[in-house]
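With PDB, C-alpha atoms, pLDDT in the B column inside, this is work_30.pdb:
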```
ATOM      1  CA  MET A   1      44.853  43.633 150.885  1.00 89.00           C
ATOM      2  CA  LYS A   2      48.088  42.795 152.714  1.00 85.00           C
ATOM      3  CA  ASP A   3      48.238  39.305 151.224  1.00 91.00           C
ATOM      4  CA  SER A   4      48.074  40.687 147.684  1.00 95.00           C
ATOM      5  CA  ILE A   5      50.937  43.224 148.021  1.00 96.00           C
ATOM      6  CA  ARG A   6      53.955  42.074 145.995  1.00 96.00           C
ATOM      7  CA  ILE A   7      56.270  45.122 145.979  1.00 96.00           C
ATOM      8  CA  ILE A   8      56.433  48.277 148.097  1.00 97.00           C
ATOM      9  CA  ASN A   9      57.498  51.510 146.383  1.00 98.00           C
ATOM     10  CA  THR A  10      58.096  54.881 148.043  1.00 97.00           C
ATOM     11  CA  ILE A  11      58.066  57.847 145.652  1.00 98.00           C
ATOM     12  CA  LEU A  12      60.039  60.986 146.491  1.00 98.00           C
ATOM     13  CA  TYR A  13      58.838  64.065 144.603  1.00 98.00           C
ATOM     14  CA  CYS A  14      61.858  66.313 144.187  1.00 98.00           C
ATOM     15  CA  ALA A  15      62.719  69.880 143.230  1.00 98.00           C
ATOM     16  CA  ARG A  16      66.382  68.836 143.036  1.00 98.00           C
ATOM     17  CA  TRP A  17      65.519  65.864 140.861  1.00 98.00           C
ATOM     18  CA  GLN A  18      68.753  65.356 138.909  1.00 98.00           C
ATOM     19  CA  GLU A  19      70.939  65.627 142.020  1.00 98.00           C
ATOM     20  CA  THR A  20      68.684  63.258 143.949  1.00 98.00           C
ATOM     21  CA  VAL A  21      68.688  60.685 141.132  1.00 98.00           C
ATOM     22  CA  ALA A  22      72.493  60.911 140.965  1.00 98.00           C
ATOM     23  CA  PHE A  23      72.745  60.421 144.742  1.00 98.00           C
ATOM     24  CA  TYR A  24      70.755  57.182 144.778  1.00 98.00           C
ATOM     25  CA  ARG A  25      72.270  55.926 141.507  1.00 98.00           C
ATOM     26  CA  ASP A  26      75.924  56.939 141.903  1.00 97.00           C
ATOM     27  CA  SER A  27      76.515  57.426 145.625  1.00 96.00           C
ATOM     28  CA  LEU A  28      74.348  54.635 147.040  1.00 97.00           C
ATOM     29  CA  ASN A  29      74.663  52.422 143.941  1.00 97.00           C
ATOM     30  CA  PHE A  30      70.975  51.475 143.777  1.00 98.00           C
ATOM     31  CA  PRO A  31      70.180  49.763 140.463  1.00 98.00           C
ATOM     32  CA  ILE A  32      67.586  51.359 138.188  1.00 98.00           C
ATOM     33  CA  THR A  33      64.583  49.231 137.236  1.00 98.00           C
ATOM     34  CA  PHE A  34      62.761  51.931 135.247  1.00 98.00           C
ATOM     35  CA  LYS A  35      63.459  55.453 134.052  1.00 98.00           C
ATOM     36  CA  ASN A  36      62.062  58.086 131.764  1.00 98.00           C
ATOM     37  CA  GLU A  37      62.628  61.832 131.423  1.00 97.00           C
ATOM     38  CA  TRP A  38      61.089  62.664 134.830  1.00 98.00           C
ATOM     39  CA  PHE A  39      60.829  59.462 136.901  1.00 98.00           C
ATOM     40  CA  VAL A  40      63.401  56.891 138.058  1.00 98.00           C
ATOM     41  CA  GLU A  41      62.678  53.708 140.012  1.00 98.00           C
ATOM     42  CA  PHE A  42      65.470  52.051 142.018  1.00 98.00           C
ATOM     43  CA  LYS A  43      65.443  48.441 143.192  1.00 98.00           C
ATOM     44  CA  LEU A  44      66.297  48.101 146.875  1.00 98.00           C
ATOM     45  CA  ASN A  45      65.648  44.368 147.054  1.00 97.00           C
ATOM     46  CA  ALA A  46      63.205  41.825 145.624  1.00 97.00           C
ATOM     47  CA  TYR A  47      60.233  43.461 147.368  1.00 97.00           C
ATOM     48  CA  ALA A  48      61.079  47.152 147.805  1.00 98.00           C
ATOM     49  CA  ARG A  49      61.569  50.076 145.424  1.00 98.00           C
ATOM     50  CA  LEU A  50      62.429  53.739 145.879  1.00 98.00           C
ATOM     51  CA  SER A  51      61.410  56.139 143.127  1.00 98.00           C
ATOM     52  CA  VAL A  52      62.403  59.732 142.458  1.00 98.00           C
ATOM     53  CA  ALA A  53      59.999  61.932 140.503  1.00 98.00           C
ATOM     54  CA  ASN A  54      60.619  65.419 139.146  1.00 98.00           C
ATOM     55  CA  GLU A  55      58.057  67.708 140.803  1.00 98.00           C
ATOM     56  CA  GLN A  56      58.026  69.924 137.695  1.00 97.00           C
ATOM     57  CA  ARG A  57      56.388  67.073 135.758  1.00 97.00           C
ATOM     58  CA  ALA A  58      54.192  65.692 138.547  1.00 96.00           C
ATOM     59  CA  THR A  59      51.000  66.822 140.228  1.00 95.00           C
ATOM     60  CA  VAL A  60      52.582  66.210 143.655  1.00 96.00           C
ATOM     61  CA  LYS A  61      55.194  68.697 144.850  1.00 96.00           C
ATOM     62  CA  SER A  62      58.288  68.175 146.967  1.00 96.00           C
ATOM     63  CA  SER A  63      58.012  68.238 150.742  1.00 95.00           C
ATOM     64  CA  ARG A  64      61.628  69.494 150.787  1.00 93.00           C
ATOM     65  CA  GLY A  65      62.553  66.668 153.160  1.00 92.00           C
ATOM     66  CA  GLN A  66      60.008  67.671 155.796  1.00 95.00           C
ATOM     67  CA  GLY A  67      58.201  64.987 157.746  1.00 93.00           C
ATOM     68  CA  LEU A  68      59.876  61.979 156.156  1.00 94.00           C
ATOM     69  CA  THR A  69      62.538  59.491 157.210  1.00 97.00           C
ATOM     70  CA  ILE A  70      63.537  56.645 154.908  1.00 97.00           C
ATOM     71  CA  VAL A  71      64.743  53.750 157.056  1.00 97.00           C
ATOM     72  CA  PHE A  72      67.034  50.984 155.844  1.00 97.00           C
ATOM     73  CA  LYS A  73      67.754  48.021 158.107  1.00 97.00           C
ATOM     74  CA  VAL A  74      71.087  46.505 157.112  1.00 97.00           C
ATOM     75  CA  ASP A  75      73.096  43.531 158.322  1.00 97.00           C
ATOM     76  CA  ASN A  76      75.830  45.684 159.867  1.00 97.00           C
ATOM     77  CA  ALA A  77      75.489  49.455 160.360  1.00 98.00           C
ATOM     78  CA  ASP A  78      79.210  49.839 161.070  1.00 97.00           C
ATOM     79  CA  GLU A  79      80.221  48.206 157.779  1.00 97.00           C
ATOM     80  CA  THR A  80      77.664  50.250 155.850  1.00 97.00           C
ATOM     81  CA  TRP A  81      78.914  53.444 157.525  1.00 97.00           C
ATOM     82  CA  GLN A  82      82.498  52.564 156.533  1.00 97.00           C
ATOM     83  CA  GLN A  83      81.433  51.944 152.923  1.00 96.00           C
ATOM     84  CA  LEU A  84      79.694  55.316 152.757  1.00 97.00           C
ATOM     85  CA  GLN A  85      82.694  57.085 154.284  1.00 96.00           C
ATOM     86  CA  SER A  86      84.993  55.484 151.696  1.00 95.00           C
ATOM     87  CA  ARG A  87      82.743  56.978 148.990  1.00 94.00           C
ATOM     88  CA  LYS A  88      82.978  60.434 150.619  1.00 94.00           C
ATOM     89  CA  ILE A  89      79.312  60.378 151.664  1.00 95.00           C
ATOM     90  CA  ASP A  90      78.662  62.444 154.763  1.00 91.00           C
ATOM     91  CA  ALA A  91      76.995  60.046 157.198  1.00 95.00           C
ATOM     92  CA  GLY A  92      76.508  61.114 160.794  1.00 95.00           C
ATOM     93  CA  LYS A  93      77.958  59.437 163.845  1.00 96.00           C
ATOM     94  CA  ILE A  94      76.921  55.894 164.669  1.00 97.00           C
ATOM     95  CA  LYS A  95      74.926  55.724 167.872  1.00 96.00           C
ATOM     96  CA  ASP A  96      73.886  52.882 170.147  1.00 96.00           C
ATOM     97  CA  HIS A  97      70.243  52.830 171.207  1.00 91.00           C
ATOM     98  CA  PRO A  98      68.697  51.434 174.387  1.00 91.00           C
ATOM     99  CA  TRP A  99      66.566  49.084 172.276  1.00 89.00           C
ATOM    100  CA  GLY A 100      69.753  47.351 171.101  1.00 90.00           C
ATOM    101  CA  GLY A 101      70.226  48.864 167.667  1.00 95.00           C
ATOM    102  CA  ARG A 102      73.013  50.912 166.125  1.00 97.00           C
ATOM    103  CA  SER A 103      72.160  53.623 163.648  1.00 97.00           C
ATOM    104  CA  PHE A 104      73.289  56.712 161.803  1.00 98.00           C
ATOM    105  CA  PHE A 105      71.626  59.335 159.636  1.00 97.00           C
ATOM    106  CA  LEU A 106      72.388  60.978 156.316  1.00 97.00           C
ATOM    107  CA  TYR A 107      70.452  63.211 153.924  1.00 97.00           C
ATOM    108  CA  ASP A 108      69.812  63.075 150.196  1.00 98.00           C
ATOM    109  CA  PRO A 109      70.110  66.263 148.066  1.00 97.00           C
ATOM    110  CA  GLU A 110      66.374  66.929 148.465  1.00 97.00           C
ATOM    111  CA  GLY A 111      66.780  66.976 152.257  1.00 97.00           C
ATOM    112  CA  ASN A 112      65.129  63.629 152.948  1.00 97.00           C
ATOM    113  CA  ARG A 113      66.510  62.045 156.100  1.00 97.00           C
ATOM    114  CA  ILE A 114      67.808  58.496 155.747  1.00 98.00           C
ATOM    115  CA  GLU A 115      68.315  56.307 158.801  1.00 97.00           C
ATOM    116  CA  VAL A 116      70.525  53.233 158.484  1.00 98.00           C
ATOM    117  CA  TRP A 117      70.418  50.763 161.337  1.00 97.00           C
ATOM    118  CA  SER A 118      71.207  47.222 162.407  1.00 98.00           C
ATOM    119  CA  ALA A 119      70.281  45.148 165.446  1.00 95.00           C
TER     120      ALA A 119
END
```

Would it be possible to restate this file's structure as structure tokens?
Amino acid sequence: MKDSIRIINTILYCARWQETVAFYRDSLNFPITFKNEWFVEFKLNAYARLSVANEQRATVKSSRGQGLTIVFKVDNADETWQQLQSRKIDAGKIKDHPWGGRSFFLYDPEGNRIEVWSA
């Protein structure tokens, strides 16, 4: 199966759907590849997507941010942190890790934890 996978898509089922869509669209500036009245797909890169579905229209309900961390590896965590701060996005403190990475955390309106890190 692994050789036939072309794109990876994570779907977040949300109670706060409109706010969560606005966060990824307007605050993080992720481009939309598909949308309808209850589902929006964002392009992260050529091989990864993040979708936000309205739980009121889906059979799967929101986990309210429990048990999930979305992880984005970026070229430079410090630069990304600065960009988010300039957009008034509350990102936590940048921390160094013993394994050599630097990371910080933020949360979307649904309560999903997002980790941003670089080597």

Output of the PyMOL selection byres ((chain A and resi 119) around 9), listed as JSON, numbers by chain:
{"A": [73, 74, 75, 76, 77, 99, 100, 101, 102, 103, 117, 118]}

Just how far from CA of His97 (chain A) is CA of Ser63 (chain A), in Å to one decimal?
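CA of Ser63 (chain A) sits 28.4 Å away from CA of His97 (chain A).
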
Answer key for the PyMOL selection byres ((chain A and resi 106-116) around 8), residues as a PyMOL selection string:
chain A and resi 14-17+19-20+23+64-66+68-74+77+90-92+103-105+117-118

Excluding region 32-44 of chain A and its own-chain neighbours fewer than 5 positions away, which residues fall within 7 Å of it when counting all atoms listed in the file? Please give them as a list in words.
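Those residues are Arg49, Leu50, Ser51, Val52, Ala53, Asn54 and Arg57 of chain A.
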
Let me have the centre and edge lengths in Å, one decimal, of the box along x, y and z around every listed atom of region 53-65 of chain A with 3 Å of margin on each side, as JSON.
```
{"center_x": 56.8, "center_y": 65.9, "center_z": 144.5, "size_x": 17.6, "size_y": 14.0, "size_z": 23.4}
```

Quick one: pull the distance between CA of Tyr24 (chain A) and CA of Arg6 (chain A), Å, one decimal.
22.6 Å
